[in-house]
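Source file: start-v9.pdb. Holds: PDB, C-alpha atoms and all ligand atoms.
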```
ATOM      1  CA  MET T   8      99.374  61.342  17.532  1.00  0.00           C
ATOM      2  CA  SER T   9      99.617  63.569  20.558  1.00  0.00           C
ATOM      3  CA  ASP T  10      99.666  67.310  20.168  1.00  0.00           C
ATOM      4  CA  ASN T  11     102.021  68.905  22.640  1.00  0.00           C
ATOM      5  CA  SER T  12     101.633  72.424  21.371  1.00  0.00           C
ATOM      6  CA  PHE T  13     100.815  74.979  24.046  1.00  0.00           C
ATOM      7  CA  PRO T  14      97.012  75.419  24.289  1.00  0.00           C
ATOM      8  CA  HIS T  15      96.952  79.195  23.926  1.00  0.00           C
ATOM      9  CA  ASP T  16      93.174  79.451  23.895  1.00  0.00           C
ATOM     10  CA  SER T  17      93.060  78.207  27.468  1.00  0.00           C
ATOM     11  CA  PHE T  18      96.117  79.970  28.873  1.00  0.00           C
ATOM     12  CA  ASP T  19      96.700  83.244  27.087  1.00  0.00           C
ATOM     13  CA  ASP T  20      95.218  85.246  29.951  1.00  0.00           C
ATOM     14  CA  LEU T  21      97.948  83.820  32.174  1.00  0.00           C
ATOM     15  CA  LEU T  22     100.702  84.706  29.746  1.00  0.00           C
ATOM     16  CA  ALA T  23      99.367  88.244  29.459  1.00  0.00           C
ATOM     17  CA  ALA T  24      99.196  88.646  33.229  1.00  0.00           C
ATOM     18  CA  ASN T  25     102.710  87.289  33.598  1.00  0.00           C
ATOM     19  CA  ALA T  26     104.048  89.760  31.064  1.00  0.00           C
ATOM     20  CA  GLU T  27     102.857  92.480  33.439  1.00  0.00           C
ATOM     21  CA  TYR T  28     104.031  90.665  36.574  1.00  0.00           C
ATOM     22  CA  GLN T  29     107.606  90.287  35.452  1.00  0.00           C
ATOM     23  CA  LYS T  30     107.900  94.010  34.718  1.00  0.00           C
ATOM     24  CA  THR T  31     107.856  94.806  38.435  1.00  0.00           C
ATOM     25  CA  PHE T  32     109.296  91.492  39.690  1.00  0.00           C
ATOM     26  CA  LYS T  33     111.097  92.064  42.964  1.00  0.00           C
ATOM     27  CA  TYR T  34     111.981  88.622  44.277  1.00  0.00           C
ATOM     28  CA  SER T  35     115.090  87.768  42.297  1.00  0.00           C
ATOM     29  CA  GLU T  36     117.258  87.804  45.430  1.00  0.00           C
ATOM     30  CA  LEU T  37     115.261  85.091  47.215  1.00  0.00           C
ATOM     31  CA  THR T  38     116.539  81.582  47.806  1.00  0.00           C
ATOM     32  CA  GLY T  39     114.398  78.432  48.080  1.00  0.00           C
ATOM     33  CA  SER T  40     114.850  78.406  51.848  1.00  0.00           C
ATOM     34  CA  ALA T  41     111.782  79.367  53.918  1.00  0.00           C
ATOM     35  CA  ALA T  42     112.807  82.747  55.381  1.00  0.00           C
ATOM     36  CA  LYS T  43     110.265  82.573  58.224  1.00  0.00           C
ATOM     37  CA  GLY T  44     110.865  78.879  58.883  1.00  0.00           C
ATOM     38  CA  LEU T  45     107.243  78.009  58.212  1.00  0.00           C
ATOM     39  CA  ALA T  46     105.358  75.381  56.235  1.00  0.00           C
ATOM     40  CA  ILE T  47     101.574  75.525  55.841  1.00  0.00           C
ATOM     41  CA  VAL T  48      99.537  72.484  54.847  1.00  0.00           C
ATOM     42  CA  THR T  49      96.208  73.707  53.535  1.00  0.00           C
ATOM     43  CA  CYS T  50      93.370  72.936  51.143  1.00  0.00           C
ATOM     44  CA  MET T  51      93.307  73.651  47.435  1.00  0.00           C
ATOM     45  CA  ASP T  52      90.256  75.856  48.049  1.00  0.00           C
ATOM     46  CA  SER T  53      90.577  78.957  45.880  1.00  0.00           C
ATOM     47  CA  ARG T  54      89.348  81.234  48.664  1.00  0.00           C
ATOM     48  CA  ILE T  55      92.539  80.726  50.665  1.00  0.00           C
ATOM     49  CA  ASN T  56      95.614  82.842  50.048  1.00  0.00           C
ATOM     50  CA  PRO T  57      97.879  81.151  52.606  1.00  0.00           C
ATOM     51  CA  LEU T  58     100.703  83.683  52.635  1.00  0.00           C
ATOM     52  CA  SER T  59      98.410  86.688  53.042  1.00  0.00           C
ATOM     53  CA  VAL T  60      96.423  84.974  55.777  1.00  0.00           C
ATOM     54  CA  VAL T  61      99.474  84.958  58.048  1.00  0.00           C
ATOM     55  CA  GLY T  62     101.103  88.162  56.864  1.00  0.00           C
ATOM     56  CA  MET T  63     103.804  86.597  54.756  1.00  0.00           C
ATOM     57  CA  ARG T  64     105.086  87.016  51.231  1.00  0.00           C
ATOM     58  CA  SER T  65     107.083  85.179  48.591  1.00  0.00           C
ATOM     59  CA  GLY T  66     110.132  83.515  50.083  1.00  0.00           C
ATOM     60  CA  ASP T  67     108.800  83.288  53.636  1.00  0.00           C
ATOM     61  CA  ALA T  68     107.034  79.918  53.776  1.00  0.00           C
ATOM     62  CA  LYS T  69     106.509  76.562  52.094  1.00  0.00           C
ATOM     63  CA  ILE T  70     102.911  75.979  51.012  1.00  0.00           C
ATOM     64  CA  LEU T  71     101.580  72.427  50.587  1.00  0.00           C
ATOM     65  CA  ARG T  72      98.066  72.077  49.258  1.00  0.00           C
ATOM     66  CA  ASN T  73      95.641  69.294  48.498  1.00  0.00           C
ATOM     67  CA  ALA T  74      91.938  68.543  48.741  1.00  0.00           C
ATOM     68  CA  GLY T  75      90.974  68.925  52.391  1.00  0.00           C
ATOM     69  CA  ALA T  76      94.413  69.893  53.761  1.00  0.00           C
ATOM     70  CA  ARG T  77      95.064  66.264  54.628  1.00  0.00           C
ATOM     71  CA  VAL T  78      98.396  64.863  55.753  1.00  0.00           C
ATOM     72  CA  THR T  79      99.186  62.269  53.107  1.00  0.00           C
ATOM     73  CA  GLU T  80     102.328  60.304  52.320  1.00  0.00           C
ATOM     74  CA  ASP T  81     103.309  62.970  49.831  1.00  0.00           C
ATOM     75  CA  VAL T  82     102.812  65.740  52.394  1.00  0.00           C
ATOM     76  CA  LEU T  83     105.069  63.856  54.824  1.00  0.00           C
ATOM     77  CA  ARG T  84     107.670  63.308  52.118  1.00  0.00           C
ATOM     78  CA  THR T  85     107.664  67.013  51.315  1.00  0.00           C
ATOM     79  CA  LEU T  86     107.810  68.052  54.971  1.00  0.00           C
ATOM     80  CA  VAL T  87     110.830  65.829  55.572  1.00  0.00           C
ATOM     81  CA  LEU T  88     112.677  67.580  52.758  1.00  0.00           C
ATOM     82  CA  ALA T  89     111.471  71.001  53.898  1.00  0.00           C
ATOM     83  CA  THR T  90     112.622  70.494  57.487  1.00  0.00           C
ATOM     84  CA  TYR T  91     116.094  69.178  56.663  1.00  0.00           C
ATOM     85  CA  LEU T  92     116.910  71.168  53.554  1.00  0.00           C
ATOM     86  CA  LEU T  93     114.753  74.272  53.417  1.00  0.00           C
ATOM     87  CA  ASN T  94     114.814  75.797  56.885  1.00  0.00           C
ATOM     88  CA  VAL T  95     111.317  74.727  57.987  1.00  0.00           C
ATOM     89  CA  SER T  96     111.094  74.512  61.785  1.00  0.00           C
ATOM     90  CA  ARG T  97     107.324  74.995  62.288  1.00  0.00           C
ATOM     91  CA  ILE T  98     104.377  73.443  60.481  1.00  0.00           C
ATOM     92  CA  LEU T  99     100.788  74.702  60.486  1.00  0.00           C
ATOM     93  CA  VAL T 100      98.081  72.319  59.281  1.00  0.00           C
ATOM     94  CA  MET T 101      95.234  74.599  58.178  1.00  0.00           C
ATOM     95  CA  PRO T 102      91.930  73.215  56.913  1.00  0.00           C
ATOM     96  CA  HIS T 103      89.023  75.611  56.511  1.00  0.00           C
ATOM     97  CA  THR T 104      85.326  76.143  57.075  1.00  0.00           C
ATOM     98  CA  ASP T 105      82.872  75.217  54.310  1.00  0.00           C
ATOM     99  CA  CYS T 106      85.279  72.607  52.899  1.00  0.00           C
ATOM    100  CA  ARG T 107      83.737  70.256  50.357  1.00  0.00           C
ATOM    101  CA  MET T 108      85.981  67.490  51.655  1.00  0.00           C
ATOM    102  CA  ALA T 109      84.329  67.733  55.090  1.00  0.00           C
ATOM    103  CA  GLN T 110      80.747  67.628  53.894  1.00  0.00           C
ATOM    104  CA  GLY T 111      80.237  64.077  52.920  1.00  0.00           C
ATOM    105  CA  ASP T 112      81.605  60.659  53.372  1.00  0.00           C
ATOM    106  CA  GLU T 113      83.824  58.983  50.840  1.00  0.00           C
ATOM    107  CA  SER T 114      81.088  56.915  49.218  1.00  0.00           C
ATOM    108  CA  ALA T 115      78.834  59.950  48.713  1.00  0.00           C
ATOM    109  CA  ILE T 116      81.511  61.778  46.698  1.00  0.00           C
ATOM    110  CA  HIS T 117      82.235  58.704  44.559  1.00  0.00           C
ATOM    111  CA  LYS T 118      78.513  58.326  43.928  1.00  0.00           C
ATOM    112  CA  LEU T 119      78.101  61.997  43.012  1.00  0.00           C
ATOM    113  CA  ILE T 120      80.842  61.767  40.371  1.00  0.00           C
ATOM    114  CA  GLU T 121      79.511  58.492  39.035  1.00  0.00           C
ATOM    115  CA  ASP T 122      75.967  59.846  38.836  1.00  0.00           C
ATOM    116  CA  GLN T 123      76.958  63.076  37.098  1.00  0.00           C
ATOM    117  CA  TYR T 124      79.815  61.893  34.869  1.00  0.00           C
ATOM    118  CA  GLY T 125      79.492  58.138  34.682  1.00  0.00           C
ATOM    119  CA  VAL T 126      83.026  57.634  35.965  1.00  0.00           C
ATOM    120  CA  ASN T 127      83.828  55.167  38.724  1.00  0.00           C
ATOM    121  CA  THR T 128      86.475  56.778  40.961  1.00  0.00           C
ATOM    122  CA  SER T 129      86.374  54.170  43.708  1.00  0.00           C
ATOM    123  CA  SER T 130      90.031  53.247  43.152  1.00  0.00           C
ATOM    124  CA  LEU T 131      90.950  56.663  44.588  1.00  0.00           C
ATOM    125  CA  GLU T 132      90.910  57.483  48.265  1.00  0.00           C
ATOM    126  CA  PHE T 133      89.647  61.057  48.524  1.00  0.00           C
ATOM    127  CA  LYS T 134      90.198  61.208  52.288  1.00  0.00           C
ATOM    128  CA  THR T 135      86.935  63.021  52.880  1.00  0.00           C
ATOM    129  CA  THR T 136      85.601  63.232  56.413  1.00  0.00           C
ATOM    130  CA  THR T 137      82.449  64.104  58.304  1.00  0.00           C
ATOM    131  CA  ASP T 138      84.550  64.838  61.386  1.00  0.00           C
ATOM    132  CA  GLN T 139      86.843  67.668  60.335  1.00  0.00           C
ATOM    133  CA  MET T 140      88.191  68.319  63.825  1.00  0.00           C
ATOM    134  CA  GLY T 141      88.873  64.655  64.389  1.00  0.00           C
ATOM    135  CA  ALA T 142      90.676  64.457  61.058  1.00  0.00           C
ATOM    136  CA  LEU T 143      92.750  67.510  61.945  1.00  0.00           C
ATOM    137  CA  ALA T 144      93.675  66.051  65.324  1.00  0.00           C
ATOM    138  CA  SER T 145      94.846  62.828  63.729  1.00  0.00           C
ATOM    139  CA  ASP T 146      96.693  64.677  60.946  1.00  0.00           C
ATOM    140  CA  ILE T 147      98.558  66.853  63.465  1.00  0.00           C
ATOM    141  CA  ASN T 148      99.415  63.759  65.431  1.00  0.00           C
ATOM    142  CA  ARG T 149     100.581  62.019  62.297  1.00  0.00           C
ATOM    143  CA  VAL T 150     103.074  64.801  61.582  1.00  0.00           C
ATOM    144  CA  ARG T 151     104.198  65.082  65.213  1.00  0.00           C
ATOM    145  CA  SER T 152     104.835  61.382  65.519  1.00  0.00           C
ATOM    146  CA  TYR T 153     106.469  60.932  62.132  1.00  0.00           C
ATOM    147  CA  PRO T 154     109.898  59.515  62.988  1.00  0.00           C
ATOM    148  CA  LEU T 155     111.725  60.902  59.979  1.00  0.00           C
ATOM    149  CA  LEU T 156     110.853  64.542  60.589  1.00  0.00           C
ATOM    150  CA  ARG T 157     113.647  66.740  61.906  1.00  0.00           C
ATOM    151  CA  GLU T 158     114.001  66.836  65.683  1.00  0.00           C
ATOM    152  CA  GLY T 159     112.432  69.868  67.360  1.00  0.00           C
ATOM    153  CA  VAL T 160     110.011  70.867  64.605  1.00  0.00           C
ATOM    154  CA  VAL T 161     106.869  72.427  66.104  1.00  0.00           C
ATOM    155  CA  VAL T 162     103.491  71.336  64.683  1.00  0.00           C
ATOM    156  CA  ALA T 163     100.158  73.124  65.141  1.00  0.00           C
ATOM    157  CA  GLY T 164      96.691  73.214  63.645  1.00  0.00           C
ATOM    158  CA  ALA T 165      94.250  76.038  62.912  1.00  0.00           C
ATOM    159  CA  ILE T 166      90.956  76.394  61.098  1.00  0.00           C
ATOM    160  CA  TYR T 167      90.652  79.143  58.502  1.00  0.00           C
ATOM    161  CA  ASP T 168      87.247  80.801  58.308  1.00  0.00           C
ATOM    162  CA  VAL T 169      86.490  81.570  54.659  1.00  0.00           C
ATOM    163  CA  LYS T 170      83.783  84.072  55.651  1.00  0.00           C
ATOM    164  CA  THR T 171      85.877  86.242  57.990  1.00  0.00           C
ATOM    165  CA  GLY T 172      89.523  85.500  57.156  1.00  0.00           C
ATOM    166  CA  THR T 173      90.142  84.501  60.765  1.00  0.00           C
ATOM    167  CA  ILE T 174      92.326  81.566  61.782  1.00  0.00           C
ATOM    168  CA  SER T 175      91.361  79.839  65.006  1.00  0.00           C
ATOM    169  CA  PRO T 176      94.060  77.828  66.789  1.00  0.00           C
ATOM    170  CA  PHE T 177      93.103  74.207  67.145  1.00  0.00           C
ATOM    171  CA  GLU T 178      93.324  72.905  70.702  1.00  0.00           C
ATOM    172  CA  GLY T 179      93.319  69.167  70.327  1.00  0.00           C
TER     173      GLY T 179
HETATM  174 ZN    ZN T 201      88.689  72.629  51.216  1.00  0.00          ZN
END
```
Transcribe the structure of this file into structure tokens.
Ligand SMILES: [Zn+2]
Amino acid sequence: MSDNSFPHDSFDDLLAANAEYQKTFKYSELTGSAAKGLAIVTCMDSRINPLSVVGMRSGDAKILRNAGARVTEDVLRTLVLATYLLNVSRILVMPHTDCRMAQGDESAIHKLIEDQYGVNTSSLEFKTTTDQMGALASDINRVRSYPLLREGVVVAGAIYDVKTGTISPFEG
């Protein structure tokens, strides 16, 4: 029998923080449209606060995140919706320095998990790379050339430096 009760032990700190957050909540007037017309595709890395990095706040931009900031089918699906329905007219693909997904090839990560946890993950494609710039170039190109994206959307890349907070424009 499955137990669907809320696991308070693991999440009560979140509920407590939210009780404080909602007291001064100031975004009730926002819509789901991206006020600054921006979407950022970035990594799940917990050192990145994508809105702060580019001087934005709630309501301004769509944030898409995954391991390695890679342009996957699901990223493309989301960008199509964002460009037609949610005011997105510019897309920044933003991987970062010191990314675990750029430090080893696919087989090395599968082996590491198998060695440490005994689980064979080879049915998953992690999309790791040892050529981060090459991967970024091809990801930018993949978005730019995607035929279903709204006409006129501008696509760029930049690398976020987790040690300095700087973003460096990618010149492909
Ligand atoms: Zn990363």
Q | All residues having an atom within 12 Å of ligand ZN 201 (chain T) (all atoms listed in the file) as a PyMOL selection string | A | chain T and resi 48-55+72-77+101-110+133-136+139+166-169
Q. Got a sec to resolve the PyMOL selection byres (((chain T and resi 89) around 12) and not hetatm) on this structure and send the residues as a PyMOL selection string?
A. chain T and resi 39-42+44-47+68-71+82-88+90-98+155-157+160
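If you look at atom CA of T:Gln123 and atom CA of T:Ala142, they are 27.6 Å away from each other.
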Box time for stretch 169-175 of chain T: axis-aligned, enclosing all its listed atoms, 6 Å extra on each side; report centre and edge lengths in Å to one decimal, as JSON.
```
{"center_x": 88.1, "center_y": 83.0, "center_z": 59.8, "size_x": 20.5, "size_y": 18.4, "size_z": 22.3}
```
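From atom CA of T:Thr173 back to atom CA of T:Leu99, the distance works out to 14.5 Å.
Pairwise distance (atom CA of T:Tyr153, atom CA of T:Val100) equals 14.4 Å.
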Please provide as a short mmCIF file (atom, residue, chain, number, x, y, z; two decimals) with C-alpha atoms, in the coordinates of the input all residues within 12 Å of T:Lys33, with the sequence filter that same-chain residues fewer than 5 positions apart are discarded (counting all atoms listed in the file).
```
data_model
loop_
_atom_site.label_atom_id
_atom_site.label_comp_id
_atom_site.auth_asym_id
_atom_site.auth_seq_id
_atom_site.Cartn_x
_atom_site.Cartn_y
_atom_site.Cartn_z
CA TYR T 28 104.03 90.66 36.57
CA ARG T 64 105.09 87.02 51.23
CA SER T 65 107.08 85.18 48.59
CA GLY T 66 110.13 83.52 50.08
#
```
Q. Could you name the residues that touch T:Leu131 at 12 Å or less, counting all atoms listed in the file, but leaving out those on the same chain fewer than 3 positions away, as JSON, numbers by chain?
A. {"T": [113, 114, 116, 117, 126, 127, 128, 134, 135]}
Taking C-alpha atoms for each residue, export the selection above as a PDB file, keeping the file's coordinate frame.
```
ATOM      1  CA  GLU T 113      83.824  58.983  50.840  1.00  0.00           C
ATOM      2  CA  SER T 114      81.088  56.915  49.218  1.00  0.00           C
ATOM      3  CA  ILE T 116      81.511  61.778  46.698  1.00  0.00           C
ATOM      4  CA  HIS T 117      82.235  58.704  44.559  1.00  0.00           C
ATOM      5  CA  VAL T 126      83.026  57.634  35.965  1.00  0.00           C
ATOM      6  CA  ASN T 127      83.828  55.167  38.724  1.00  0.00           C
ATOM      7  CA  THR T 128      86.475  56.778  40.961  1.00  0.00           C
ATOM      8  CA  LYS T 134      90.198  61.208  52.288  1.00  0.00           C
ATOM      9  CA  THR T 135      86.935  63.021  52.880  1.00  0.00           C
TER      10      THR T 135
END
```
Just so the selection is clear, what residues does the PyMOL selection byres (((chain T and resi 176) around 6) and not hetatm) cover here, as a tab-separated table (two decimals) with C-alpha atoms, in the coordinates of the input?
```
chain	number	residue	atom	x	y	z
T	165	ALA	CA	94.25	76.04	62.91
T	175	SER	CA	91.36	79.84	65.01
T	177	PHE	CA	93.10	74.21	67.14
```
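Proximity of T:Pro57, T:Ser129, T:Ser145, T:Ala115 to T:Gly172, computed with all atoms listed in the file, is greatest for T:Pro57.
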Q: Tell me which residues the PyMOL selection byres (((chain T and resi 179) around 10) and not hetatm) grabs here, as a VMD selection string.
A: chain T and resid 140 to 141 143 to 145 147 to 148 163 to 164 176 to 178
With C-alpha atoms retained, export the selected residues as a short mmCIF file (atom, residue, chain, number, x, y, z; two decimals), in the coordinates of the input.
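As a result, selection11.cif now contains:
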```
data_model
loop_
_atom_site.label_atom_id
_atom_site.label_comp_id
_atom_site.auth_asym_id
_atom_site.auth_seq_id
_atom_site.Cartn_x
_atom_site.Cartn_y
_atom_site.Cartn_z
CA MET T 140 88.19 68.32 63.82
CA GLY T 141 88.87 64.66 64.39
CA LEU T 143 92.75 67.51 61.94
CA ALA T 144 93.68 66.05 65.32
CA SER T 145 94.85 62.83 63.73
CA ILE T 147 98.56 66.85 63.46
CA ASN T 148 99.42 63.76 65.43
CA ALA T 163 100.16 73.12 65.14
CA GLY T 164 96.69 73.21 63.64
CA PRO T 176 94.06 77.83 66.79
CA PHE T 177 93.10 74.21 67.14
CA GLU T 178 93.32 72.90 70.70
#
```
Missing atoms in stretch 17-28 of chain T: fill them in up to all heavy atoms and send the result as a CSV table (one decimal), in the frame of the given file.
```
chain,number,residue,atom,x,y,z
T,17,SER,N,93.4,78.4,26.1
T,17,SER,CA,93.1,78.2,27.5
T,17,SER,C,94.0,79.0,28.4
T,17,SER,O,93.6,79.2,29.6
T,17,SER,CB,93.2,76.7,27.8
T,17,SER,OG,92.2,76.0,27.1
T,18,PHE,N,95.1,79.4,27.9
T,18,PHE,CA,96.1,80.0,28.9
T,18,PHE,C,96.6,81.4,28.5
T,18,PHE,O,97.5,81.9,29.2
T,18,PHE,CB,97.3,79.0,29.0
T,18,PHE,CG,97.0,77.7,29.7
T,18,PHE,CD1,96.7,76.6,28.9
T,18,PHE,CD2,96.9,77.6,31.0
T,18,PHE,CE1,96.3,75.4,29.5
T,18,PHE,CE2,96.6,76.4,31.6
T,18,PHE,CZ,96.3,75.3,30.9
T,19,ASP,N,96.1,81.9,27.5
T,19,ASP,CA,96.7,83.2,27.1
T,19,ASP,C,96.5,84.3,28.1
T,19,ASP,O,97.3,85.3,28.2
T,19,ASP,CB,96.2,83.7,25.7
T,19,ASP,CG,97.0,83.2,24.6
T,19,ASP,OD1,98.1,82.6,24.9
T,19,ASP,OD2,96.6,83.4,23.4
T,20,ASP,N,95.4,84.2,28.9
T,20,ASP,CA,95.2,85.2,30.0
T,20,ASP,C,96.3,85.2,31.0
T,20,ASP,O,96.8,86.2,31.5
T,20,ASP,CB,93.8,85.1,30.6
T,20,ASP,CG,93.6,83.7,31.2
T,20,ASP,OD1,94.2,82.7,30.7
T,20,ASP,OD2,92.8,83.6,32.2
T,21,LEU,N,96.8,84.0,31.2
T,21,LEU,CA,97.9,83.8,32.2
T,21,LEU,C,99.2,84.4,31.6
T,21,LEU,O,100.0,85.1,32.3
T,21,LEU,CB,98.2,82.3,32.5
T,21,LEU,CG,97.3,81.7,33.5
T,21,LEU,CD1,95.9,81.6,33.0
T,21,LEU,CD2,97.8,80.3,33.8
T,22,LEU,N,99.5,84.2,30.4
T,22,LEU,CA,100.7,84.7,29.7
T,22,LEU,C,100.7,86.2,29.7
T,22,LEU,O,101.7,86.9,30.0
T,22,LEU,CB,100.9,84.2,28.3
T,22,LEU,CG,101.1,82.6,28.2
T,22,LEU,CD1,101.3,82.2,26.8
T,22,LEU,CD2,102.2,82.2,29.1
T,23,ALA,N,99.5,86.8,29.5
T,23,ALA,CA,99.4,88.2,29.5
T,23,ALA,C,99.6,88.8,30.9
T,23,ALA,O,100.3,89.8,31.0
T,23,ALA,CB,98.0,88.6,28.9
T,24,ALA,N,99.0,88.2,31.9
T,24,ALA,CA,99.2,88.6,33.2
T,24,ALA,C,100.7,88.5,33.6
T,24,ALA,O,101.2,89.4,34.3
T,24,ALA,CB,98.3,87.8,34.2
T,25,ASN,N,101.3,87.5,33.2
T,25,ASN,CA,102.7,87.3,33.6
T,25,ASN,C,103.6,88.3,32.9
T,25,ASN,O,104.6,88.8,33.5
T,25,ASN,CB,103.2,85.9,33.2
T,25,ASN,CG,104.6,85.7,33.6
T,25,ASN,OD1,105.5,85.7,32.8
T,25,ASN,ND2,104.9,85.6,34.9
T,26,ALA,N,103.3,88.7,31.7
T,26,ALA,CA,104.0,89.8,31.1
T,26,ALA,C,104.0,91.0,31.9
T,26,ALA,O,105.1,91.8,32.0
T,26,ALA,CB,103.5,90.0,29.7
T,27,GLU,N,102.9,91.3,32.5
T,27,GLU,CA,102.9,92.5,33.4
T,27,GLU,C,103.6,92.2,34.7
T,27,GLU,O,104.4,93.1,35.2
T,27,GLU,CB,101.4,92.8,33.8
T,27,GLU,CG,100.6,93.4,32.6
T,27,GLU,CD,101.3,94.6,32.0
T,27,GLU,OE1,101.6,95.6,32.8
T,27,GLU,OE2,101.5,94.7,30.8
T,28,TYR,N,103.4,91.0,35.3
T,28,TYR,CA,104.0,90.7,36.6
T,28,TYR,C,105.5,90.8,36.5
T,28,TYR,O,106.2,91.4,37.4
T,28,TYR,CB,103.6,89.2,36.9
T,28,TYR,CG,104.2,88.7,38.2
T,28,TYR,CD1,103.8,89.1,39.4
T,28,TYR,CD2,105.2,87.7,38.1
T,28,TYR,CE1,104.4,88.6,40.6
T,28,TYR,CE2,105.8,87.2,39.3
T,28,TYR,CZ,105.3,87.6,40.5
T,28,TYR,OH,105.9,87.1,41.7
```
